[in-house]
file my_file-v3.cif (mmCIF, C-alpha atoms)
data_entry
#
loop_
_atom_site.label_atom_id
_atom_site.label_comp_id
_atom_site.auth_asym_id
_atom_site.auth_seq_id
_atom_site.Cartn_x
_atom_site.Cartn_y
_atom_site.Cartn_z
CA MET A 1 -21.66 13.59 21.44
CA THR A 2 -19.69 14.69 24.48
CA VAL A 3 -17.07 12.16 25.52
CA GLU A 4 -16.44 11.94 29.24
CA THR A 5 -12.85 11.21 30.21
CA SER A 6 -11.59 10.02 33.59
CA THR A 7 -7.94 9.89 34.59
CA ILE A 8 -6.95 6.42 35.73
CA TYR A 9 -3.63 4.82 36.62
CA LEU A 10 -2.29 1.69 35.00
CA LEU A 11 0.83 -0.18 36.03
CA ASP A 12 3.77 0.16 33.65
CA GLY A 13 4.94 -3.44 33.15
CA ALA A 14 8.58 -2.48 32.53
CA SER A 15 9.20 0.08 35.26
CA GLY A 16 6.57 -1.01 37.79
CA GLU A 17 5.55 2.65 38.08
CA GLU A 18 2.06 4.07 37.74
CA ALA A 19 1.20 5.26 34.23
CA GLU A 20 -1.44 7.94 33.80
CA ALA A 21 -4.15 6.95 31.33
CA GLN A 22 -7.59 8.07 30.20
CA LEU A 23 -10.77 6.06 30.50
CA ARG A 24 -13.18 7.35 27.85
CA ASP A 25 -16.88 6.57 27.62
CA ALA A 26 -16.72 6.17 23.85
CA ILE A 27 -14.96 4.34 21.04
CA GLU A 28 -14.12 6.92 18.40
CA GLU A 29 -12.36 6.86 15.04
CA LYS A 30 -8.93 7.26 16.68
CA GLN A 31 -9.52 4.04 18.67
CA LEU A 32 -10.58 2.16 15.53
CA VAL A 33 -7.51 3.41 13.67
CA ASP A 34 -5.30 2.24 16.56
CA TRP A 35 -7.03 -1.15 16.50
CA GLN A 36 -6.46 -1.42 12.75
CA THR A 37 -2.93 -0.06 12.47
CA ARG A 38 -1.38 -1.07 15.80
CA TRP A 39 -3.34 -3.96 17.32
CA GLN A 40 -3.83 -5.92 14.11
CA PRO A 41 -0.12 -6.15 13.09
CA ALA A 42 0.78 -7.23 16.65
CA LEU A 43 -2.05 -9.77 16.74
CA ILE A 44 -1.19 -11.19 13.31
CA ALA A 45 2.41 -11.75 14.43
CA ILE A 46 1.11 -13.64 17.47
CA LEU A 47 -1.29 -15.72 15.38
CA GLN A 48 1.50 -16.59 12.92
CA GLU A 49 3.57 -17.84 15.82
CA LEU A 50 0.63 -19.87 17.18
CA ALA A 51 0.07 -21.39 13.73
CA GLN A 52 3.76 -22.19 13.42
CA ARG A 53 3.63 -23.99 16.77
CA GLN A 54 0.51 -25.84 15.50
CA VAL A 55 -1.63 -24.56 18.36
CA PRO A 56 -5.26 -25.54 17.56
CA ILE A 57 -7.49 -22.60 16.57
CA ALA A 58 -9.76 -23.48 19.50
CA ASP A 59 -6.89 -22.44 21.78
CA TRP A 60 -6.22 -19.13 20.05
CA PRO A 61 -7.29 -15.95 21.83
CA GLN A 62 -11.09 -15.72 21.67
CA SER A 63 -10.92 -12.26 20.12
CA TRP A 64 -8.62 -13.19 17.21
CA HIS A 65 -11.36 -12.64 14.61
CA TRP A 66 -13.09 -9.63 16.22
CA ASN A 67 -13.56 -6.64 13.97
CA TRP A 68 -14.17 -3.59 16.15
CA ARG A 69 -15.03 -1.36 13.20
CA THR A 70 -17.88 -3.69 12.19
CA LYS A 71 -19.01 -4.13 15.77
CA MET A 72 -19.24 -0.40 16.40
CA ALA A 73 -20.92 0.29 13.05
CA ARG A 74 -23.63 -2.23 13.98
CA VAL A 75 -24.54 -0.38 17.20
CA GLN A 76 -23.91 3.16 16.00
CA ARG A 77 -26.47 5.65 17.43
CA LEU A 78 -28.25 2.92 19.42
CA LEU A 79 -28.76 4.00 23.04
CA ALA A 80 -28.75 0.37 24.14
CA PHE A 81 -25.03 -0.02 23.44
CA LYS A 82 -22.11 1.95 24.71
CA GLY A 83 -18.41 1.84 23.97
CA PHE A 84 -15.53 2.49 26.36
CA SER A 85 -11.81 2.79 25.73
CA VAL A 86 -8.58 3.16 27.67
CA VAL A 87 -5.87 5.36 26.17
CA CYS A 88 -2.32 5.56 27.50
CA ALA A 89 0.70 7.21 25.86
CA ASN A 90 -1.69 8.37 23.14
CA VAL A 91 -2.37 4.77 22.07
CA THR A 92 -5.57 2.78 22.65
CA GLN A 93 -4.86 0.06 25.20
CA GLY A 94 -8.31 -1.49 25.62
CA LEU A 95 -11.83 -1.48 24.17
CA MET A 96 -15.20 -2.53 25.58
CA CYS A 97 -18.76 -2.55 24.27
CA VAL A 98 -21.62 -2.96 26.75
CA ASP A 99 -25.31 -3.75 26.30
CA LEU A 100 -27.67 -1.73 28.53
CA THR A 101 -30.80 -3.79 27.90
CA GLN A 102 -29.84 -7.12 29.47
CA PRO A 103 -31.44 -8.36 32.70
CA SER A 104 -29.48 -9.53 35.72
CA ARG A 105 -29.33 -13.29 36.38
CA VAL A 106 -27.94 -12.95 39.88
CA PRO A 107 -30.31 -14.55 42.44
CA GLY A 108 -32.21 -11.84 44.28
CA ARG A 109 -31.73 -9.35 41.44
CA ALA A 110 -32.92 -11.50 38.53
CA GLY A 111 -34.74 -9.53 35.87
CA ARG A 112 -33.39 -6.15 36.87
CA PRO A 113 -31.33 -4.19 34.36
CA LEU A 114 -27.58 -4.34 34.48
CA VAL A 115 -24.68 -3.38 32.29
CA TYR A 116 -23.74 -6.47 30.30
CA VAL A 117 -20.22 -6.65 28.90
CA ASP A 118 -20.70 -7.80 25.32
CA TYR A 119 -17.08 -7.47 24.21
CA LEU A 120 -13.89 -6.56 26.00
CA GLU A 121 -10.41 -6.72 24.51
CA VAL A 122 -7.08 -5.29 25.54
CA ALA A 123 -4.22 -4.55 23.14
CA PRO A 124 -2.13 -7.66 22.27
CA TRP A 125 0.96 -6.20 23.99
CA ASN A 126 -0.96 -6.02 27.29
CA ARG A 127 -1.94 -9.70 27.35
CA PRO A 128 0.30 -11.89 29.51
CA GLU A 129 -1.05 -15.13 27.97
CA PHE A 130 0.92 -14.31 24.81
CA GLY A 131 4.13 -14.97 26.69
CA THR A 132 5.54 -11.48 27.03
CA ALA A 133 5.31 -9.12 29.98
CA PRO A 134 2.33 -6.77 29.56
CA ARG A 135 3.25 -3.22 28.61
CA TYR A 136 0.45 -1.93 30.85
CA LYS A 137 -1.42 -3.82 33.55
CA GLY A 138 -4.92 -3.00 34.74
CA VAL A 139 -6.57 -2.11 31.42
CA GLY A 140 -9.25 -4.82 31.60
CA THR A 141 -9.87 -4.09 35.27
CA ALA A 142 -10.46 -0.42 34.50
CA LEU A 143 -12.93 -1.29 31.75
CA VAL A 144 -14.92 -3.74 33.89
CA SER A 145 -14.88 -1.15 36.70
CA ALA A 146 -16.48 1.30 34.29
CA ALA A 147 -19.22 -1.24 33.50
CA VAL A 148 -19.86 -1.81 37.20
CA ALA A 149 -19.94 1.92 37.90
CA LEU A 150 -22.38 2.40 35.05
CA THR A 151 -24.65 -0.33 36.45
CA ARG A 152 -24.75 1.49 39.76
CA ALA A 153 -25.28 4.88 38.16
CA GLY A 154 -28.35 3.56 36.39
CA ARG A 155 -29.80 1.98 39.48
CA ILE A 156 -29.19 4.18 42.48
CA GLN A 157 -29.72 7.78 43.46
CA GLY A 158 -26.73 9.97 44.07
CA PRO A 159 -23.58 10.80 42.15
CA ASP A 160 -23.49 9.65 38.57
CA ARG A 161 -20.67 7.26 39.24
CA ALA A 162 -17.95 6.38 41.63
CA PRO A 163 -14.56 7.87 40.72
CA LEU A 164 -12.32 5.30 39.10
CA THR A 165 -8.90 5.69 40.55
CA SER A 166 -6.23 3.52 42.07
CA ALA A 167 -4.45 6.46 43.64
CA GLY A 168 -7.05 7.27 46.30
CA GLY A 169 -10.73 7.87 46.91
CA TRP A 170 -13.37 5.31 45.95
CA VAL A 171 -12.44 2.14 44.15
CA LEU A 172 -14.57 -0.75 43.01
CA SER A 173 -14.08 -4.41 43.71
CA TRP A 174 -16.26 -7.25 42.44
CA PRO A 175 -16.24 -10.94 41.68
CA VAL A 176 -15.95 -11.48 37.92
CA ARG A 177 -17.13 -14.67 36.29
CA HIS A 178 -15.81 -15.50 32.84
CA ASP A 179 -18.41 -17.37 30.85
CA ARG A 180 -16.11 -19.05 28.31
CA SER A 181 -18.96 -20.78 26.53
CA ARG A 182 -20.35 -17.38 25.49
CA SER A 183 -17.03 -15.51 25.33
CA ARG A 184 -18.39 -12.93 27.70
CA LEU A 185 -17.57 -11.43 31.03
CA ILE A 186 -20.35 -11.05 33.52
CA ALA A 187 -19.82 -8.54 36.29
CA PRO A 188 -22.35 -9.04 39.06
CA GLU A 189 -23.00 -6.87 42.10
CA PRO A 190 -19.93 -4.79 42.90
CA GLN A 191 -18.67 -3.93 46.32
CA ILE A 192 -17.63 -0.33 46.73
CA LEU A 193 -14.50 0.08 48.81
CA ARG A 194 -12.72 3.18 49.95
CA ASN A 195 -8.95 3.60 50.11
CA ASP A 196 -7.93 4.52 53.62
CA ALA A 197 -4.83 6.67 53.13
CA ARG A 198 -3.93 6.43 56.83
CA THR A 199 -3.78 2.63 57.11
CA GLY A 200 -3.37 1.76 53.42
CA THR A 201 -6.34 -0.61 53.60
CA ARG A 202 -9.64 -0.66 51.75
CA ILE A 203 -12.81 -0.18 53.75
CA PRO A 204 -16.31 -1.15 52.56
CA ARG A 205 -18.52 1.87 51.94
CA GLY A 206 -20.51 2.71 55.06
CA GLY A 207 -18.20 0.55 57.15
CA ASP A 208 -16.13 3.45 58.51
CA MET B 209 -22.82 10.02 30.14
CA GLY B 210 -22.30 13.33 28.36
CA ALA B 211 -24.31 16.52 28.82
CA LYS B 212 -27.84 16.13 30.17
CA ARG B 213 -30.94 18.03 29.09
CA THR B 214 -34.11 18.46 31.12
CA MET B 215 -37.72 18.13 30.03
CA THR B 216 -41.12 18.06 31.72
CA LEU B 217 -43.03 14.83 31.22
CA ASN B 218 -46.82 15.07 31.60
CA LEU B 219 -48.34 11.71 32.51
CA THR B 220 -51.86 10.59 33.44
CA ASP B 221 -52.46 9.06 36.87
CA ALA B 222 -52.50 5.62 35.29
CA GLU B 223 -49.24 6.21 33.43
CA MET B 224 -47.56 7.61 36.54
CA GLY B 225 -48.85 4.60 38.49
CA VAL B 226 -47.21 2.24 36.00
CA LEU B 227 -43.96 4.24 36.09
CA GLU B 228 -43.90 4.15 39.89
CA GLU B 229 -44.68 0.43 39.96
CA LEU B 230 -41.90 -0.35 37.45
CA SER B 231 -39.54 1.90 39.36
CA ALA B 232 -40.22 -0.01 42.60
CA ARG B 233 -40.23 -3.47 40.98
CA LYS B 234 -37.01 -2.93 39.04
CA ASP B 235 -35.28 -0.97 41.80
CA LEU B 236 -34.67 1.91 39.39
CA THR B 237 -35.27 5.61 39.56
CA LYS B 238 -38.16 6.86 37.42
CA THR B 239 -35.63 8.56 35.15
CA ALA B 240 -33.77 5.25 34.77
CA VAL B 241 -37.02 3.47 33.84
CA ILE B 242 -37.72 6.05 31.11
CA ARG B 243 -34.12 5.77 29.84
CA GLN B 244 -34.36 1.98 29.74
CA ALA B 245 -37.68 2.16 27.91
CA LEU B 246 -36.15 4.53 25.35
CA ARG B 247 -33.19 2.21 24.75
CA LEU B 248 -35.46 -0.79 24.26
CA TYR B 249 -37.90 1.09 22.03
CA GLN B 250 -35.07 2.34 19.81
CA THR B 251 -33.43 -1.11 19.63
CA VAL B 252 -36.69 -2.90 18.80
CA SER B 253 -37.68 -0.22 16.25
CA ALA B 254 -34.28 -0.44 14.54
CA ARG B 255 -34.49 -4.23 14.24
CA ILE B 256 -38.07 -4.17 12.99
CA GLU B 257 -37.11 -1.56 10.39
CA LYS B 258 -34.44 -4.01 9.20
CA GLY B 259 -37.16 -6.59 8.62
CA GLU B 260 -36.89 -8.60 11.84
CA LYS B 261 -39.83 -9.59 14.09
CA LEU B 262 -40.33 -9.40 17.84
CA LEU B 263 -41.91 -12.62 19.11
CA PHE B 264 -42.94 -13.82 22.55
CA GLU B 265 -43.02 -17.55 23.14
CA ASN B 266 -44.85 -19.33 25.93
CA ASP B 267 -42.36 -21.79 27.41
CA ALA B 268 -45.02 -24.36 28.27
CA THR B 269 -47.29 -24.29 25.19
CA ARG B 270 -44.68 -23.12 22.63
CA GLU B 271 -47.32 -20.68 21.45
CA LYS B 272 -45.81 -17.65 19.73
CA ALA B 273 -47.20 -14.13 19.52
CA GLU B 274 -45.75 -11.31 17.48
CA LEU B 275 -45.50 -7.86 19.07
CA MET B 276 -46.32 -5.08 16.65
CA LEU B 277 -44.90 -1.63 17.26
CA LEU B 278 -46.69 1.54 16.21
#

call {"tool": "encode", "arguments": {"input": "my_file-v3.cif", "output": "structure tokens"}}
result
Amino acid sequence: MTVETSTIYLLDGASGEEAEAQLRDAIEEKQLVDWQTRWQPALIAILQELAQRQVPIADWPQSWHWNWRTKMARVQRLLAFKGFSVVCANVTQGLMCVDLTQPSRVPGRAGRPLVYVDYLEVAPWNRPEFGTAPRYKGVGTALVSAAVALTRAGRIQGPDRAPLTSAGGWVLSWPVRHDRSRSRLIAPEPQILRNDARTGTRIPRGGD
Amino acid sequence: MGAKRTMTLNLTDAEMGVLEELSARKDLTKTAVIRQALRLYQTVSARIEKGEKLLFENDATREKAELMLL
């Protein structure tokens, strides 16, 4: 399988500078090893602290029991599911698995195919809700952007996808609803915007 | 998406009619309809091979019908 890689830019939480990263349209063994050997120790330390503070399990991060190796084994070779990952500084910073067989529930588009985000998780050190400053910001946004771009690529004629970049060119913006009851993110119709280098503003596609 | 390969698909008038109708109804390209069909067929086949069943249920009557795949 050929893995397609796009260069994206995250925000380095410590320096405030842009950090070059790769958005990959796959979750490979390297990502699973990172999840096991880097994410898990960090997550366990966080869970130990939550347990020590007697925080109820219901308030723990929703992904605390996720096993990405099992999840990916379950959908291996199935065209209906696709994995994405974000890698920065040679370490996996975020993972996403999407389902390509789900229908849209958005009024006016109900029943039409869309890319459904089944699972999305960013590395524990990038999650501000754990009380520390994220090492990299924008990982989840990049992954949801990839899902939105894939929805459009499957639906419309033209280029396979909009470039995903924060440094210039086309960017994607969309309202995201977090369905907590199902632990899933639903990304409805995106709005494609274009960075206007001259004014520094973002212009809707076709609006210039 | 990875590398793409091209093939010629020979369809009857009736099959092409269905493909065009689905393409218009779902707001998809014909290629996207075929891709979606392939994903669903593979998913359903894989689950049936694991011993699961594909059932349709009528919301009003609660009547269930099993879909058999060839």

call {"tool": "closest_residue", "arguments": {"input": "my_file-v3.cif", "among": "A:Lys30, A:Arg109, A:Lys82, A:Lys71", "to": "A:Cys97", "atoms": "only C-alpha atoms"}}
result
A:Lys82

call {"tool": "resolve_selection", "arguments": {"input": "my_file-v3.cif", "expression": "the PyMOL selection byres ((chain B) within 10 of (chain A))", "output": "list in words"}}
result
Met209, Gly210, Ala211, Ser231, Arg233, Lys234, Asp235, Leu236, Thr237, Lys238, Thr239, Ala240, Val241, Arg243, Gln244, Ala245, Leu246, Arg247, Leu248, Tyr249, Gln250, Thr251 and Ala254 of chain B

call {"tool": "resolve_selection", "arguments": {"input": "my_file-v3.cif", "expression": "the PyMOL selection byres ((chain B and resi 263-277) around 10)", "output": "number ranges by chain"}}
result
B: 249, 252-253, 256, 260-262, 278

call {"tool": "residues_near_point", "arguments": {"input": "my_file-v3.cif", "point": "(1.8, -3.5, 26.5)", "cutoff": "9 Å", "atoms": "all atoms listed in the file", "output": "compact mmCIF listing (two decimals) with C-alpha atoms, keeping the file's coordinate frame"}}
result
# COMPACT_ATOMS: atom_id res chain seq x y z
CA ASP A 12 3.77 0.16 33.65
CA GLY A 13 4.94 -3.44 33.15
CA GLN A 93 -4.86 0.06 25.20
CA ALA A 123 -4.22 -4.55 23.14
CA PRO A 124 -2.13 -7.66 22.27
CA TRP A 125 0.96 -6.20 23.99
CA ASN A 126 -0.96 -6.02 27.29
CA ARG A 127 -1.94 -9.70 27.35
CA THR A 132 5.54 -11.48 27.03
CA ALA A 133 5.31 -9.12 29.98
CA PRO A 134 2.33 -6.77 29.56
CA ARG A 135 3.25 -3.22 28.61
CA TYR A 136 0.45 -1.93 30.85
CA LYS A 137 -1.42 -3.82 33.55

call {"tool": "atom_distance", "arguments": {"input": "my_file-v3.cif", "atom1": "atom CA of A:Ala146", "atom2": "atom CA of A:Gln36"}}
result
23.9 Å

call {"tool": "resolve_selection", "arguments": {"input": "my_file-v3.cif", "expression": "the PyMOL selection byres ((chain A and resi 91) around 12)", "output": "list in words"}}
result
Ala21, Gln22, Leu23, Lys30, Gln31, Leu32, Val33, Asp34, Trp35, Gln36, Thr37, Arg38, Trp39, Ser85, Val86, Val87, Cys88, Ala89, Asn90, Thr92, Gln93, Gly94, Leu95, Val122, Ala123, Trp125, Arg135 and Tyr136 of chain A

call {"tool": "closest_residue", "arguments": {"input": "my_file-v3.cif", "among": "A:Ala58, A:Ala45, A:Arg74, A:Ser145", "to": "B:Arg255", "atoms": "all atoms listed in the file"}}
result
A:Arg74

call {"tool": "atom_distance", "arguments": {"input": "my_file-v3.cif", "atom1": "atom CA of A:Ile46", "atom2": "atom CA of A:His65"}}
result
12.8 Å

call {"tool": "atom_distance", "arguments": {"input": "my_file-v3.cif", "atom1": "atom CA of A:Leu143", "atom2": "atom CA of A:Trp60"}}
result
22.4 Å

call {"tool": "build_atoms", "arguments": {"input": "my_file-v3.cif", "residues": "stretch 40-58 of chain A", "atoms": "N, CA and C atoms", "output": "PDB file, keeping the file's coordinate frame"}}
result
ATOM      1  N   GLN A  40      -3.762  -4.850  15.089  1.00  0.00           N
ATOM      2  CA  GLN A  40      -3.830  -5.920  14.110  1.00  0.00           C
ATOM      3  C   GLN A  40      -2.452  -6.461  13.727  1.00  0.00           C
ATOM      4  N   PRO A  41      -1.450  -5.598  13.407  1.00  0.00           N
ATOM      5  CA  PRO A  41      -0.120  -6.150  13.090  1.00  0.00           C
ATOM      6  C   PRO A  41       0.454  -6.976  14.250  1.00  0.00           C
ATOM      7  N   ALA A  42       0.255  -6.493  15.489  1.00  0.00           N
ATOM      8  CA  ALA A  42       0.780  -7.230  16.650  1.00  0.00           C
ATOM      9  C   ALA A  42       0.055  -8.565  16.803  1.00  0.00           C
ATOM     10  N   LEU A  43      -1.263  -8.545  16.587  1.00  0.00           N
ATOM     11  CA  LEU A  43      -2.050  -9.770  16.740  1.00  0.00           C
ATOM     12  C   LEU A  43      -1.701 -10.784  15.644  1.00  0.00           C
ATOM     13  N   ILE A  44      -1.513 -10.287  14.425  1.00  0.00           N
ATOM     14  CA  ILE A  44      -1.190 -11.190  13.310  1.00  0.00           C
ATOM     15  C   ILE A  44       0.159 -11.885  13.581  1.00  0.00           C
ATOM     16  N   ALA A  45       1.110 -11.140  14.112  1.00  0.00           N
ATOM     17  CA  ALA A  45       2.410 -11.750  14.430  1.00  0.00           C
ATOM     18  C   ALA A  45       2.237 -12.861  15.460  1.00  0.00           C
ATOM     19  N   ILE A  46       1.366 -12.624  16.438  1.00  0.00           N
ATOM     20  CA  ILE A  46       1.110 -13.640  17.470  1.00  0.00           C
ATOM     21  C   ILE A  46       0.417 -14.856  16.870  1.00  0.00           C
ATOM     22  N   LEU A  47      -0.560 -14.608  15.997  1.00  0.00           N
ATOM     23  CA  LEU A  47      -1.290 -15.720  15.380  1.00  0.00           C
ATOM     24  C   LEU A  47      -0.377 -16.546  14.472  1.00  0.00           C
ATOM     25  N   GLN A  48       0.546 -15.864  13.782  1.00  0.00           N
ATOM     26  CA  GLN A  48       1.500 -16.590  12.920  1.00  0.00           C
ATOM     27  C   GLN A  48       2.358 -17.525  13.766  1.00  0.00           C
ATOM     28  N   GLU A  49       2.738 -17.020  14.924  1.00  0.00           N
ATOM     29  CA  GLU A  49       3.570 -17.840  15.820  1.00  0.00           C
ATOM     30  C   GLU A  49       2.778 -19.032  16.352  1.00  0.00           C
ATOM     31  N   LEU A  50       1.487 -18.783  16.689  1.00  0.00           N
ATOM     32  CA  LEU A  50       0.630 -19.870  17.180  1.00  0.00           C
ATOM     33  C   LEU A  50       0.444 -20.930  16.088  1.00  0.00           C
ATOM     34  N   ALA A  51       0.252 -20.458  14.847  1.00  0.00           N
ATOM     35  CA  ALA A  51       0.070 -21.390  13.730  1.00  0.00           C
ATOM     36  C   ALA A  51       1.332 -22.206  13.494  1.00  0.00           C
ATOM     37  N   GLN A  52       2.477 -21.515  13.607  1.00  0.00           N
ATOM     38  CA  GLN A  52       3.760 -22.190  13.420  1.00  0.00           C
ATOM     39  C   GLN A  52       3.975 -23.282  14.472  1.00  0.00           C
ATOM     40  N   ARG A  53       3.501 -23.002  15.689  1.00  0.00           N
ATOM     41  CA  ARG A  53       3.630 -23.990  16.770  1.00  0.00           C
ATOM     42  C   ARG A  53       2.501 -25.025  16.734  1.00  0.00           C
ATOM     43  N   GLN A  54       1.650 -24.925  15.699  1.00  0.00           N
ATOM     44  CA  GLN A  54       0.510 -25.840  15.500  1.00  0.00           C
ATOM     45  C   GLN A  54      -0.440 -25.854  16.691  1.00  0.00           C
ATOM     46  N   VAL A  55      -0.646 -24.689  17.284  1.00  0.00           N
ATOM     47  CA  VAL A  55      -1.630 -24.560  18.360  1.00  0.00           C
ATOM     48  C   VAL A  55      -3.010 -24.593  17.716  1.00  0.00           C
ATOM     49  N   PRO A  56      -3.928 -25.472  18.180  1.00  0.00           N
ATOM     50  CA  PRO A  56      -5.260 -25.540  17.560  1.00  0.00           C
ATOM     51  C   PRO A  56      -5.985 -24.194  17.641  1.00  0.00           C
ATOM     52  N   ILE A  57      -6.774 -23.886  16.611  1.00  0.00           N
ATOM     53  CA  ILE A  57      -7.490 -22.600  16.570  1.00  0.00           C
ATOM     54  C   ILE A  57      -8.370 -22.436  17.807  1.00  0.00           C
ATOM     55  N   ALA A  58      -8.895 -23.545  18.315  1.00  0.00           N
ATOM     56  CA  ALA A  58      -9.760 -23.480  19.500  1.00  0.00           C
ATOM     57  C   ALA A  58      -9.015 -22.881  20.695  1.00  0.00           C
TER      58      ALA A  58
END
